[in-house]
$ cat coords-v7.cif   # mmCIF, C-alpha atoms
data_final
loop_
_atom_site.group_PDB
_atom_site.id
_atom_site.type_symbol
_atom_site.label_atom_id
_atom_site.label_comp_id
_atom_site.auth_asym_id
_atom_site.auth_seq_id
_atom_site.Cartn_x
_atom_site.Cartn_y
_atom_site.Cartn_z
ATOM 1 C CA MET C 1397 -2.574 119.830 33.643
ATOM 2 C CA ILE C 1398 -3.895 122.607 35.895
ATOM 3 C CA GLU C 1399 -4.534 125.993 34.283
ATOM 4 C CA LEU C 1400 -5.089 129.137 36.357
ATOM 5 C CA THR C 1401 -6.258 132.163 34.365
ATOM 6 C CA HIS C 1402 -6.438 135.563 36.074
ATOM 7 C CA LEU C 1403 -7.722 133.796 39.183
ATOM 8 C CA THR C 1404 -8.892 136.267 41.829
ATOM 9 C CA LYS C 1405 -10.677 135.858 45.154
ATOM 10 C CA ARG C 1406 -11.808 138.705 47.382
ATOM 11 C CA PHE C 1407 -13.059 138.420 50.942
ATOM 12 C CA GLY C 1408 -14.581 141.839 51.502
ATOM 13 C CA PRO C 1409 -11.834 144.397 50.877
ATOM 14 C CA VAL C 1410 -9.085 141.749 51.028
ATOM 15 C CA ARG C 1411 -7.734 140.151 47.861
ATOM 16 C CA ALA C 1412 -6.695 136.727 49.103
ATOM 17 C CA VAL C 1413 -5.751 135.715 45.545
ATOM 18 C CA ASP C 1414 -4.924 138.486 43.101
ATOM 19 C CA ASP C 1415 -4.905 137.815 39.343
ATOM 20 C CA VAL C 1416 -2.987 134.525 39.488
ATOM 21 C CA SER C 1417 -2.185 132.921 36.133
ATOM 22 C CA ALA C 1418 -0.083 129.764 35.867
ATOM 23 C CA ILE C 1419 0.103 126.400 34.143
ATOM 24 C CA ILE C 1420 0.954 123.400 36.314
ATOM 25 C CA PRO C 1421 2.270 120.816 33.819
ATOM 26 C CA PRO C 1422 1.913 117.041 33.887
ATOM 27 C CA GLY C 1423 4.917 114.840 34.462
ATOM 28 C CA LYS C 1424 6.377 117.104 37.143
ATOM 29 C CA VAL C 1425 6.030 117.841 40.837
ATOM 30 C CA THR C 1426 5.310 121.526 41.355
ATOM 31 C CA GLY C 1427 6.007 122.994 44.777
ATOM 32 C CA PHE C 1428 3.461 125.637 45.751
ATOM 33 C CA VAL C 1429 5.001 127.952 48.343
ATOM 34 C CA GLY C 1430 4.432 131.284 50.011
ATOM 35 C CA PRO C 1431 4.273 132.881 53.468
ATOM 36 C CA ASN C 1432 1.278 132.337 55.748
ATOM 37 C CA GLY C 1433 -1.700 134.185 54.324
ATOM 38 C CA ALA C 1434 -0.234 134.252 50.803
ATOM 39 C CA GLY C 1435 -3.314 132.607 49.265
ATOM 40 C CA LYS C 1436 -2.093 129.040 48.691
ATOM 41 C CA SER C 1437 -4.981 127.237 50.375
ATOM 42 C CA THR C 1438 -7.553 129.556 48.808
ATOM 43 C CA THR C 1439 -6.076 128.898 45.369
ATOM 44 C CA MET C 1440 -6.230 125.139 45.882
ATOM 45 C CA ARG C 1441 -9.808 125.383 47.133
ATOM 46 C CA MET C 1442 -10.803 127.315 44.003
ATOM 47 C CA ILE C 1443 -9.167 124.706 41.771
ATOM 48 C CA LEU C 1444 -11.357 122.099 43.473
ATOM 49 C CA GLY C 1445 -14.516 124.216 43.419
ATOM 50 C CA LEU C 1446 -14.678 124.582 47.198
ATOM 51 C CA ASP C 1447 -14.415 128.378 46.880
ATOM 52 C CA THR C 1448 -15.899 130.361 44.008
ATOM 53 C CA PRO C 1449 -13.530 132.772 42.268
ATOM 54 C CA THR C 1450 -14.430 136.440 42.273
ATOM 55 C CA SER C 1451 -13.064 136.458 38.730
ATOM 56 C CA GLY C 1452 -10.920 134.300 36.490
ATOM 57 C CA GLU C 1453 -11.025 130.533 36.336
ATOM 58 C CA ALA C 1454 -9.234 127.312 37.235
ATOM 59 C CA ARG C 1455 -9.313 124.261 34.985
ATOM 60 C CA ILE C 1456 -8.019 120.709 35.246
ATOM 61 C CA ASP C 1457 -7.307 119.135 31.877
ATOM 62 C CA GLY C 1458 -9.358 121.825 30.169
ATOM 63 C CA ALA C 1459 -12.503 121.712 32.319
ATOM 64 C CA SER C 1460 -13.628 122.941 35.718
ATOM 65 C CA TYR C 1461 -13.403 120.338 38.435
ATOM 66 C CA VAL C 1462 -17.016 120.800 39.514
ATOM 67 C CA SER C 1463 -18.230 119.924 36.014
ATOM 68 C CA SER C 1464 -16.591 116.510 36.127
ATOM 69 C CA PRO C 1465 -19.106 113.626 36.166
ATOM 70 C CA ALA C 1466 -16.632 111.614 38.271
ATOM 71 C CA PRO C 1467 -14.472 114.038 40.312
ATOM 72 C CA LEU C 1468 -12.432 111.330 42.046
ATOM 73 C CA THR C 1469 -11.139 110.187 38.657
ATOM 74 C CA THR C 1470 -10.265 113.776 37.669
ATOM 75 C CA ALA C 1471 -8.192 114.884 40.672
ATOM 76 C CA GLY C 1472 -7.266 113.582 44.084
ATOM 77 C CA ALA C 1473 -6.868 116.077 46.899
ATOM 78 C CA LEU C 1474 -5.475 116.160 50.409
ATOM 79 C CA LEU C 1475 -6.423 119.461 52.023
ATOM 80 C CA ASP C 1476 -7.802 118.814 55.517
ATOM 81 C CA VAL C 1477 -6.880 115.480 57.056
ATOM 82 C CA ARG C 1478 -9.015 116.195 60.121
ATOM 83 C CA GLY C 1479 -12.138 116.669 58.017
ATOM 84 C CA VAL C 1480 -13.278 113.059 58.509
ATOM 85 C CA HIS C 1481 -15.989 112.324 61.100
ATOM 86 C CA PRO C 1482 -14.066 111.033 64.139
ATOM 87 C CA GLY C 1483 -16.567 108.258 64.783
ATOM 88 C CA ARG C 1484 -16.199 106.686 61.360
ATOM 89 C CA ARG C 1485 -13.894 103.724 60.933
ATOM 90 C CA ALA C 1486 -11.079 104.081 58.395
ATOM 91 C CA ARG C 1487 -12.248 101.342 56.058
ATOM 92 C CA ALA C 1488 -15.864 102.481 56.203
ATOM 93 C CA HIS C 1489 -14.761 106.020 55.332
ATOM 94 C CA LEU C 1490 -12.918 104.861 52.229
ATOM 95 C CA GLN C 1491 -15.709 102.490 51.215
ATOM 96 C CA ALA C 1492 -18.387 105.182 51.520
ATOM 97 C CA ILE C 1493 -16.447 107.505 49.221
ATOM 98 C CA ALA C 1494 -15.639 104.667 46.810
ATOM 99 C CA ASP C 1495 -19.343 103.812 46.563
ATOM 100 C CA THR C 1496 -20.111 107.290 45.176
ATOM 101 C CA HIS C 1497 -18.070 106.400 42.059
ATOM 102 C CA ALA C 1498 -18.765 102.651 41.903
ATOM 103 C CA ILE C 1499 -15.138 101.990 42.819
ATOM 104 C CA PRO C 1500 -14.742 98.325 43.787
ATOM 105 C CA THR C 1501 -13.990 97.154 47.310
ATOM 106 C CA SER C 1502 -10.772 95.617 46.037
ATOM 107 C CA ARG C 1503 -9.445 99.147 45.418
ATOM 108 C CA VAL C 1504 -10.191 100.084 49.032
ATOM 109 C CA ASP C 1505 -8.279 97.060 50.291
ATOM 110 C CA GLU C 1506 -5.418 97.750 47.893
ATOM 111 C CA LEU C 1507 -5.030 101.305 49.185
ATOM 112 C CA LEU C 1508 -5.240 100.319 52.853
ATOM 113 C CA ASP C 1509 -2.260 98.081 52.187
ATOM 114 C CA LEU C 1510 -0.431 100.734 50.177
ATOM 115 C CA VAL C 1511 -0.679 103.426 52.867
ATOM 116 C CA GLY C 1512 0.023 101.000 55.708
ATOM 117 C CA LEU C 1513 -3.366 101.192 57.456
ATOM 118 C CA ARG C 1514 -4.632 97.627 56.973
ATOM 119 C CA SER C 1515 -4.036 96.760 60.650
ATOM 120 C CA VAL C 1516 -6.115 99.734 61.858
ATOM 121 C CA ALA C 1517 -8.788 99.649 59.154
ATOM 122 C CA GLN C 1518 -11.537 99.024 61.734
ATOM 123 C CA GLN C 1519 -10.285 101.694 64.105
ATOM 124 C CA ARG C 1520 -12.216 104.954 64.494
ATOM 125 C CA VAL C 1521 -10.564 107.888 62.758
ATOM 126 C CA GLY C 1522 -10.888 110.048 65.878
ATOM 127 C CA THR C 1523 -8.249 107.865 67.553
ATOM 128 C CA PHE C 1524 -5.733 108.340 64.719
ATOM 129 C CA SER C 1525 -2.521 110.275 65.130
ATOM 130 C CA LEU C 1526 -1.860 113.088 62.660
ATOM 131 C CA GLY C 1527 0.439 110.825 60.663
ATOM 132 C CA MET C 1528 -2.202 108.086 60.418
ATOM 133 C CA ALA C 1529 -4.768 110.681 59.344
ATOM 134 C CA GLN C 1530 -2.370 111.844 56.622
ATOM 135 C CA ARG C 1531 -2.067 108.301 55.322
ATOM 136 C CA LEU C 1532 -5.846 107.944 55.234
ATOM 137 C CA GLY C 1533 -6.068 111.244 53.365
ATOM 138 C CA VAL C 1534 -3.587 110.027 50.759
ATOM 139 C CA ALA C 1535 -5.596 106.818 50.320
ATOM 140 C CA THR C 1536 -8.743 108.882 49.813
ATOM 141 C CA ALA C 1537 -7.029 111.031 47.181
ATOM 142 C CA MET C 1538 -5.901 107.907 45.306
ATOM 143 C CA LEU C 1539 -9.263 106.122 45.209
ATOM 144 C CA GLY C 1540 -10.112 107.158 41.644
ATOM 145 C CA ASP C 1541 -6.546 106.699 40.320
ATOM 146 C CA PRO C 1542 -6.667 110.288 39.010
ATOM 147 C CA PRO C 1543 -4.203 111.985 36.633
ATOM 148 C CA THR C 1544 -3.917 115.037 38.937
ATOM 149 C CA TYR C 1545 -3.063 115.406 42.622
ATOM 150 C CA LEU C 1546 -3.251 118.446 44.926
ATOM 151 C CA LEU C 1547 -1.663 117.952 48.346
ATOM 152 C CA ASP C 1548 -1.521 120.537 51.135
ATOM 153 C CA GLU C 1549 1.286 119.865 53.657
ATOM 154 C CA PRO C 1550 1.274 116.091 52.988
ATOM 155 C CA VAL C 1551 4.197 115.213 55.303
ATOM 156 C CA ASN C 1552 2.854 116.926 58.436
ATOM 157 C CA GLY C 1553 2.869 114.452 61.313
ATOM 158 C CA LEU C 1554 4.607 111.681 59.385
ATOM 159 C CA ASP C 1555 7.594 109.832 60.801
ATOM 160 C CA PRO C 1556 10.825 109.596 58.739
ATOM 161 C CA GLU C 1557 9.626 106.429 56.993
ATOM 162 C CA GLY C 1558 6.366 108.152 56.097
ATOM 163 C CA VAL C 1559 8.135 111.240 54.778
ATOM 164 C CA ARG C 1560 10.322 109.063 52.567
ATOM 165 C CA TRP C 1561 7.244 107.157 51.372
ATOM 166 C CA ILE C 1562 5.453 110.393 50.351
ATOM 167 C CA ARG C 1563 8.595 111.512 48.545
ATOM 168 C CA GLN C 1564 8.759 108.277 46.561
ATOM 169 C CA LEU C 1565 5.015 108.227 45.899
ATOM 170 C CA THR C 1566 4.842 111.757 44.498
ATOM 171 C CA ARG C 1567 7.916 111.198 42.342
ATOM 172 C CA ARG C 1568 6.289 108.024 40.983
ATOM 173 C CA TRP C 1569 3.124 109.952 40.100
ATOM 174 C CA ALA C 1570 5.161 112.485 38.156
ATOM 175 C CA ALA C 1571 7.108 109.722 36.387
ATOM 176 C CA GLU C 1572 3.764 108.265 35.287
ATOM 177 C CA GLY C 1573 2.884 111.579 33.644
ATOM 178 C CA ARG C 1574 0.487 112.847 36.294
ATOM 179 C CA THR C 1575 0.178 116.455 37.455
ATOM 180 C CA VAL C 1576 1.300 116.942 41.065
ATOM 181 C CA LEU C 1577 0.865 120.200 43.013
ATOM 182 C CA ILE C 1578 2.224 120.200 46.572
ATOM 183 C CA SER C 1579 1.863 123.060 49.022
ATOM 184 C CA SER C 1580 4.371 122.984 51.861
ATOM 185 C CA HIS C 1581 6.345 125.141 54.279
ATOM 186 C CA LEU C 1582 9.073 122.495 54.629
ATOM 187 C CA MET C 1583 11.590 123.855 52.143
ATOM 188 C CA GLY C 1584 14.236 121.206 52.726
ATOM 189 C CA GLU C 1585 11.769 118.414 51.982
ATOM 190 C CA LEU C 1586 10.203 120.215 49.031
ATOM 191 C CA ALA C 1587 13.643 120.705 47.501
ATOM 192 C CA GLN C 1588 13.991 116.918 47.335
ATOM 193 C CA ILE C 1589 10.597 116.400 45.692
ATOM 194 C CA ALA C 1590 9.792 119.294 43.382
ATOM 195 C CA ASP C 1591 10.857 119.861 39.787
ATOM 196 C CA GLU C 1592 9.602 123.433 39.726
ATOM 197 C CA VAL C 1593 8.308 125.990 42.192
ATOM 198 C CA LEU C 1594 5.333 128.357 42.100
ATOM 199 C CA VAL C 1595 5.798 131.149 44.649
ATOM 200 C CA ILE C 1596 3.035 133.525 45.702
ATOM 201 C CA GLY C 1597 3.000 136.396 48.182
ATOM 202 C CA ARG C 1598 0.038 138.520 49.224
ATOM 203 C CA GLY C 1599 -2.045 136.695 46.648
ATOM 204 C CA ARG C 1600 0.178 137.396 43.630
ATOM 205 C CA VAL C 1601 2.600 135.229 41.675
ATOM 206 C CA LEU C 1602 6.209 136.100 42.556
ATOM 207 C CA ALA C 1603 7.932 133.338 40.613
ATOM 208 C CA HIS C 1604 7.203 130.194 38.609
ATOM 209 C CA THR C 1605 10.344 128.457 37.453
ATOM 210 C CA PRO C 1606 12.367 125.221 37.620
ATOM 211 C CA ILE C 1607 13.553 124.805 41.179
ATOM 212 C CA GLU C 1608 17.250 124.684 40.294
ATOM 213 C CA GLU C 1609 17.009 127.980 38.412
ATOM 214 C CA PHE C 1610 15.059 129.558 41.255
ATOM 215 C CA VAL C 1611 17.691 128.607 43.813
ATOM 216 C CA ALA C 1612 20.589 129.602 41.568
ATOM 217 C CA GLU C 1613 19.105 133.031 40.828
ATOM 218 C CA ARG C 1614 17.924 133.873 44.331
ATOM 219 C CA GLY C 1615 20.228 132.055 46.723
ATOM 220 C CA ARG C 1616 23.376 133.873 47.893
ATOM 221 C CA PRO C 1617 26.741 132.066 47.877
ATOM 222 C CA ARG C 1618 27.551 130.396 51.201
ATOM 223 C CA THR C 1619 30.960 128.997 52.129
ATOM 224 C CA ARG C 1620 32.091 126.971 55.118
ATOM 225 C CA VAL C 1621 35.370 128.379 56.416
ATOM 226 C CA VAL C 1622 37.690 127.027 59.073
ATOM 227 C CA CYS C 1623 40.623 129.241 59.978
ATOM 228 C CA PRO C 1624 42.442 130.300 63.156
ATOM 229 C CA ASP C 1625 41.604 133.997 62.653
ATOM 230 C CA LEU C 1626 38.035 134.010 61.395
ATOM 231 C CA ASP C 1627 37.225 137.433 62.871
ATOM 232 C CA ARG C 1628 40.057 139.094 60.955
ATOM 233 C CA LEU C 1629 39.053 137.309 57.744
ATOM 234 C CA VAL C 1630 35.446 138.439 58.104
ATOM 235 C CA ALA C 1631 36.586 142.022 58.683
ATOM 236 C CA ALA C 1632 38.787 141.874 55.573
ATOM 237 C CA LEU C 1633 35.754 140.683 53.577
ATOM 238 C CA GLY C 1634 33.684 143.676 54.699
ATOM 239 C CA ASN C 1635 31.833 141.933 57.554
ATOM 240 C CA PRO C 1636 29.387 139.705 55.623
ATOM 241 C CA PRO C 1637 26.893 137.591 57.633
ATOM 242 C CA VAL C 1638 28.489 134.618 59.396
ATOM 243 C CA GLU C 1639 26.758 131.756 61.196
ATOM 244 C CA ASP C 1640 28.424 128.594 62.544
ATOM 245 C CA GLY C 1641 31.501 129.167 60.403
ATOM 246 C CA ILE C 1642 29.492 129.690 57.196
ATOM 247 C CA ILE C 1643 30.108 133.011 55.444
ATOM 248 C CA GLU C 1644 27.237 134.282 53.306
ATOM 249 C CA GLY C 1645 27.775 136.551 50.304
ATOM 250 C CA PRO C 1646 31.360 136.311 49.014
ATOM 251 C CA SER C 1647 32.195 133.338 46.802
ATOM 252 C CA ALA C 1648 34.746 130.732 47.852
ATOM 253 C CA SER C 1649 37.290 132.175 45.393
ATOM 254 C CA GLN C 1650 36.795 135.683 46.800
ATOM 255 C CA ILE C 1651 37.301 134.404 50.325
ATOM 256 C CA GLY C 1652 40.448 132.495 49.349
ATOM 257 C CA GLU C 1653 41.982 135.455 47.523
ATOM 258 C CA THR C 1654 41.183 137.818 50.412
ATOM 259 C CA ALA C 1655 42.745 135.409 52.909
ATOM 260 C CA ALA C 1656 45.880 135.124 50.763
ATOM 261 C CA ARG C 1657 46.300 138.898 50.509
ATOM 262 C CA ALA C 1658 45.813 139.291 54.266
ATOM 263 C CA GLY C 1659 48.159 136.432 55.131
ATOM 264 C CA ILE C 1660 45.405 134.464 56.881
ATOM 265 C CA ALA C 1661 45.748 130.674 56.960
ATOM 266 C CA LEU C 1662 42.739 128.628 55.820
ATOM 267 C CA HIS C 1663 42.160 125.087 57.097
ATOM 268 C CA GLU C 1664 38.925 124.538 55.173
ATOM 269 C CA LEU C 1665 37.119 126.372 52.367
ATOM 270 C CA THR C 1666 34.011 124.499 51.190
ATOM 271 C CA PRO C 1667 31.296 126.034 48.999
ATOM 272 C CA ALA C 1668 27.802 125.372 50.371
ATOM 273 C CA HIS C 1669 25.150 125.398 47.679
ATOM 274 C CA PRO C 1670 22.350 127.956 48.137
ATOM 275 C CA SER C 1671 19.197 126.377 49.565
ATOM 276 C CA LEU C 1672 15.562 126.645 48.527
ATOM 277 C CA GLU C 1673 14.886 128.192 51.922
ATOM 278 C CA ASP C 1674 17.456 130.943 51.312
ATOM 279 C CA ALA C 1675 16.007 131.681 47.877
ATOM 280 C CA PHE C 1676 12.454 131.685 49.234
ATOM 281 C CA PHE C 1677 13.246 134.195 51.978
ATOM 282 C CA SER C 1678 15.162 136.376 49.538
ATOM 283 C CA LEU C 1679 12.098 136.646 47.294
ATOM 284 C CA THR C 1680 9.291 136.811 49.859
ATOM 285 C CA HIS C 1681 10.712 139.018 52.637
ATOM 286 C CA ASP C 1682 8.500 141.917 51.506
ATOM 287 C CA SER C 1683 5.403 139.699 51.247
ATOM 288 C CA VAL C 1684 5.303 138.331 54.791
ATOM 289 C CA GLN C 1685 2.182 139.296 56.754
ATOM 290 C CA TYR C 1686 3.213 137.805 60.090
ATOM 291 C CA THR C 1687 6.783 138.342 61.270
ATOM 292 C CA THR C 1688 8.679 137.397 64.416
ATOM 293 C CA GLU C 1689 11.898 138.629 65.906
ATOM 294 C CA GLU C 1690 14.991 136.600 65.081
ATOM 295 C CA VAL C 1691 16.370 134.513 67.942
ATOM 296 C CA SER C 1692 19.980 135.329 68.712
#

$ encode --input "coords-v7.cif" --output "structure tokens"
Amino acid sequence: MIELTHLTKRFGPVRAVDDVSAIIPPGKVTGFVGPNGAGKSTTMRMILGLDTPTSGEARIDGASYVSSPAPLTTAGALLDVRGVHPGRRARAHLQAIADTHAIPTSRVDELLDLVGLRSVAQQRVGTFSLGMAQRLGVATAMLGDPPTYLLDEPVNGLDPEGVRWIRQLTRRWAAEGRTVLISSHLMGELAQIADEVLVIGRGRVLAHTPIEEFVAERGRPRTRVVCPDLDRLVAALGNPPVEDGIIEGPSASQIGETAARAGIALHELTPAHPSLEDAFFSLTHDSVQYTTEEVS
């Protein structure tokens, strides 16, 4: 379990993390989301003792990570996959870290097989693609077989097989009772992995709830409509947003009743469930630091 208690980090006048309190439970995958600059990476770095909190504290299973006599057996982390010296060979990198905790060579070989890097174990890390570097990072996080994992954008650079593998791996960790915290901007992928979501914006907690409840509460109804007079139907509904035949706002029953009253034929009326992305934007639109113009 990860416990954050009034965790705050200032960089000069800027509060990168502002009084964050949360409990990340074992046995679940928690998605950690927020706009760029929201404080996600800083929070994860404080959990791991890489940044010192201005105030408050972060604990893993009741103790600070830096106080652990064997950190690799306390938590495994994937934060910066390009942080490995490019001249070091993959196997040598894993072995050097394993040696710090007296982890046997057999564990290194086991993980090289698990992450699919056995064939390139003697290759220098500087020649790795981003996806291969991600796999090496996951192997590093798993060396101590820890009960807690913190992963920052773990599917970046992975091919479809690799994305599916990460999905299955993180779900397996949760099923084994481990604590799993994943930071990601890929809402569609996170929706398939996470049990709950912790949302922050401008350094503060905006929501911490089961993912299904979060989507149900924040996502607006969306309905796919096919009809020969869509423009007239949309006007009768009060001109809600429409994109690629999907009407956002009115429920399917409202659309059907409006069409019936207006004498408009419907060829298809299919409710589209609200997405995690929709719910995320609904909650964080006032917390975005960097915005771009919408492409029309």

$ axis_aligned_box --input "coords-v7.cif" --around "range 1564-1577 of chain C" --padding-each-side "8 Å" --output "AutoDock Vina command-line options"
--center_x 4.5 --center_y 114.1 --center_z 40.1 --size_x 24.6 --size_y 28.2 --size_z 28.9

$ atom_distance --input "coords-v7.cif" --atom1 "CA of Pro1500 in chain C" --atom2 "CA of Leu1539 in chain C"
9.6 Å

$ atom_distance --input "coords-v7.cif" --atom1 "CA of Asp1625 in chain C" --atom2 "CA of Ser1649 in chain C"
17.9 Å

$ resolve_selection --input "coords-v7.cif" --expression "the PyMOL selection byres ((chain C and resi 1570) around 12)" --output "NGL selection string"
:C and (1397 or 1420-1426 or 1543-1545 or 1563-1569 or 1571-1578 or 1589-1592)

$ write_last_selection --input "coords-v7.cif" --atoms "C-alpha atoms" --output "PDB file, in the coordinates of the input"
ATOM      1  CA  MET C1397      -2.574 119.830  33.643  1.00  0.00           C
ATOM      2  CA  ILE C1420       0.954 123.400  36.314  1.00  0.00           C
ATOM      3  CA  PRO C1421       2.270 120.816  33.819  1.00  0.00           C
ATOM      4  CA  PRO C1422       1.913 117.041  33.887  1.00  0.00           C
ATOM      5  CA  GLY C1423       4.917 114.840  34.462  1.00  0.00           C
ATOM      6  CA  LYS C1424       6.377 117.104  37.143  1.00  0.00           C
ATOM      7  CA  VAL C1425       6.030 117.841  40.837  1.00  0.00           C
ATOM      8  CA  THR C1426       5.310 121.526  41.355  1.00  0.00           C
ATOM      9  CA  PRO C1543      -4.203 111.985  36.633  1.00  0.00           C
ATOM     10  CA  THR C1544      -3.917 115.037  38.937  1.00  0.00           C
ATOM     11  CA  TYR C1545      -3.063 115.406  42.622  1.00  0.00           C
ATOM     12  CA  ARG C1563       8.595 111.512  48.545  1.00  0.00           C
ATOM     13  CA  GLN C1564       8.759 108.277  46.561  1.00  0.00           C
ATOM     14  CA  LEU C1565       5.015 108.227  45.899  1.00  0.00           C
ATOM     15  CA  THR C1566       4.842 111.757  44.498  1.00  0.00           C
ATOM     16  CA  ARG C1567       7.916 111.198  42.342  1.00  0.00           C
ATOM     17  CA  ARG C1568       6.289 108.024  40.983  1.00  0.00           C
ATOM     18  CA  TRP C1569       3.124 109.952  40.100  1.00  0.00           C
ATOM     19  CA  ALA C1571       7.108 109.722  36.387  1.00  0.00           C
ATOM     20  CA  GLU C1572       3.764 108.265  35.287  1.00  0.00           C
ATOM     21  CA  GLY C1573       2.884 111.579  33.644  1.00  0.00           C
ATOM     22  CA  ARG C1574       0.487 112.847  36.294  1.00  0.00           C
ATOM     23  CA  THR C1575       0.178 116.455  37.455  1.00  0.00           C
ATOM     24  CA  VAL C1576       1.300 116.942  41.065  1.00  0.00           C
ATOM     25  CA  LEU C1577       0.865 120.200  43.013  1.00  0.00           C
ATOM     26  CA  ILE C1578       2.224 120.200  46.572  1.00  0.00           C
ATOM     27  CA  ILE C1589      10.597 116.400  45.692  1.00  0.00           C
ATOM     28  CA  ALA C1590       9.792 119.294  43.382  1.00  0.00           C
ATOM     29  CA  ASP C1591      10.857 119.861  39.787  1.00  0.00           C
ATOM     30  CA  GLU C1592       9.602 123.433  39.726  1.00  0.00           C
TER      31      GLU C1592
END

$ closest_residue --input "coords-v7.cif" --among "C:Glu1673, C:Glu1653, C:Asp1457, C:Asp1476" --to "Ala1537 in chain C" --atoms "only C-alpha atoms"
C:Asp1476

$ residues_around --input "coords-v7.cif" --residues "Val1601 in chain C" --least-positions-apart "4" --cutoff "8 Å" --atoms "all atoms listed in the file" --output "number ranges by chain"
C: 1416-1417, 1594-1597

$ atom_distance --input "coords-v7.cif" --atom1 "CA of Gly1433 in chain C" --atom2 "CA of Val1413 in chain C"
9.8 Å

$ residues_near_point --input "coords-v7.cif" --point "(-15.9, 107.1, 45.0)" --cutoff "12 Å" --atoms "only C-alpha atoms" --output "ChimeraX atom specification"
/C:1465-1472,1489-1501,1503-1504,1535-1542

$ residues_around --input "coords-v7.cif" --residues "range 1555-1557 of chain C" --least-positions-apart "2" --cutoff "12 Å" --atoms "all atoms listed in the file" --output "list in words"
Val1511, Gly1512, Ser1525, Leu1526, Gly1527, Met1528, Gln1530, Arg1531, Pro1550, Val1551, Asn1552, Gly1553, Val1559, Arg1560, Trp1561, Ile1562, Arg1563, Gln1564 and Glu1585 of chain C

$ resolve_selection --input "coords-v7.cif" --expression "the PyMOL selection byres ((chain C and resi 1583) around 12)" --output "number ranges by chain"
C: 1427-1431, 1549, 1551, 1578-1582, 1584-1590, 1593, 1595, 1607, 1611, 1671-1677

$ residues_around --input "coords-v7.cif" --residues "Gly1452 in chain C" --least-positions-apart "4" --cutoff "8 Å" --atoms "all atoms listed in the file" --output "VMD selection string"
chain C and resid 1400 to 1404 1415

$ resolve_selection --input "coords-v7.cif" --expression "the PyMOL selection byres ((chain C and resi 1442-1448) around 10)" --output "ChimeraX atom specification"
/C:1398-1400,1403-1406,1413,1437-1441,1449-1456,1460-1463,1467,1471-1473,1546

$ decode --input "coords-v7.cif" --residues "range 1606-1616 of chain C" --atoms "N, CA, C and O atoms" --output "PDB file, in the first residue's frame"
ATOM      1  N   PRO C1606     -13.222   4.620  -7.983  1.00  0.00           N
ATOM      2  CA  PRO C1606     -13.246   3.520  -8.960  1.00  0.00           C
ATOM      3  C   PRO C1606     -13.489   4.060 -10.361  1.00  0.00           C
ATOM      4  O   PRO C1606     -14.284   4.982 -10.552  1.00  0.00           O
ATOM      5  N   ILE C1607     -12.825   3.485 -11.329  1.00  0.00           N
ATOM      6  CA  ILE C1607     -12.830   4.048 -12.674  1.00  0.00           C
ATOM      7  C   ILE C1607     -14.228   4.039 -13.289  1.00  0.00           C
ATOM      8  O   ILE C1607     -14.609   4.985 -13.995  1.00  0.00           O
ATOM      9  N   GLU C1608     -15.019   3.022 -13.008  1.00  0.00           N
ATOM     10  CA  GLU C1608     -16.366   2.971 -13.569  1.00  0.00           C
ATOM     11  C   GLU C1608     -17.239   4.093 -13.012  1.00  0.00           C
ATOM     12  O   GLU C1608     -18.028   4.703 -13.741  1.00  0.00           O
ATOM     13  N   GLU C1609     -17.098   4.378 -11.725  1.00  0.00           N
ATOM     14  CA  GLU C1609     -17.854   5.480 -11.129  1.00  0.00           C
ATOM     15  C   GLU C1609     -17.399   6.823 -11.694  1.00  0.00           C
ATOM     16  O   GLU C1609     -18.225   7.704 -11.958  1.00  0.00           O
ATOM     17  N   PHE C1610     -16.099   6.956 -11.879  1.00  0.00           N
ATOM     18  CA  PHE C1610     -15.559   8.213 -12.408  1.00  0.00           C
ATOM     19  C   PHE C1610     -16.111   8.499 -13.792  1.00  0.00           C
ATOM     20  O   PHE C1610     -16.553   9.620 -14.087  1.00  0.00           O
ATOM     21  N   VAL C1611     -16.121   7.480 -14.639  1.00  0.00           N
ATOM     22  CA  VAL C1611     -16.623   7.658 -16.004  1.00  0.00           C
ATOM     23  C   VAL C1611     -18.127   7.913 -15.997  1.00  0.00           C
ATOM     24  O   VAL C1611     -18.627   8.791 -16.715  1.00  0.00           O
ATOM     25  N   ALA C1612     -18.848   7.174 -15.162  1.00  0.00           N
ATOM     26  CA  ALA C1612     -20.304   7.332 -15.125  1.00  0.00           C
ATOM     27  C   ALA C1612     -20.712   8.719 -14.637  1.00  0.00           C
ATOM     28  O   ALA C1612     -21.680   9.312 -15.125  1.00  0.00           O
ATOM     29  N   GLU C1613     -19.965   9.264 -13.672  1.00  0.00           N
ATOM     30  CA  GLU C1613     -20.316  10.558 -13.101  1.00  0.00           C
ATOM     31  C   GLU C1613     -19.899  11.724 -13.994  1.00  0.00           C
ATOM     32  O   GLU C1613     -20.576  12.758 -14.032  1.00  0.00           O
ATOM     33  N   ARG C1614     -18.797  11.557 -14.702  1.00  0.00           N
ATOM     34  CA  ARG C1614     -18.227  12.676 -15.451  1.00  0.00           C
ATOM     35  C   ARG C1614     -18.483  12.622 -16.954  1.00  0.00           C
ATOM     36  O   ARG C1614     -18.522  13.662 -17.612  1.00  0.00           O
ATOM     37  N   GLY C1615     -18.628  11.431 -17.495  1.00  0.00           N
ATOM     38  CA  GLY C1615     -18.803  11.323 -18.939  1.00  0.00           C
ATOM     39  C   GLY C1615     -20.213  11.697 -19.371  1.00  0.00           C
ATOM     40  O   GLY C1615     -21.195  11.347 -18.707  1.00  0.00           O
ATOM     41  N   ARG C1616     -20.355  12.432 -20.448  1.00  0.00           N
ATOM     42  CA  ARG C1616     -21.676  12.804 -20.972  1.00  0.00           C
ATOM     43  C   ARG C1616     -22.188  11.711 -21.893  1.00  0.00           C
ATOM     44  O   ARG C1616     -21.420  11.023 -22.568  1.00  0.00           O
TER      45      ARG C1616
END
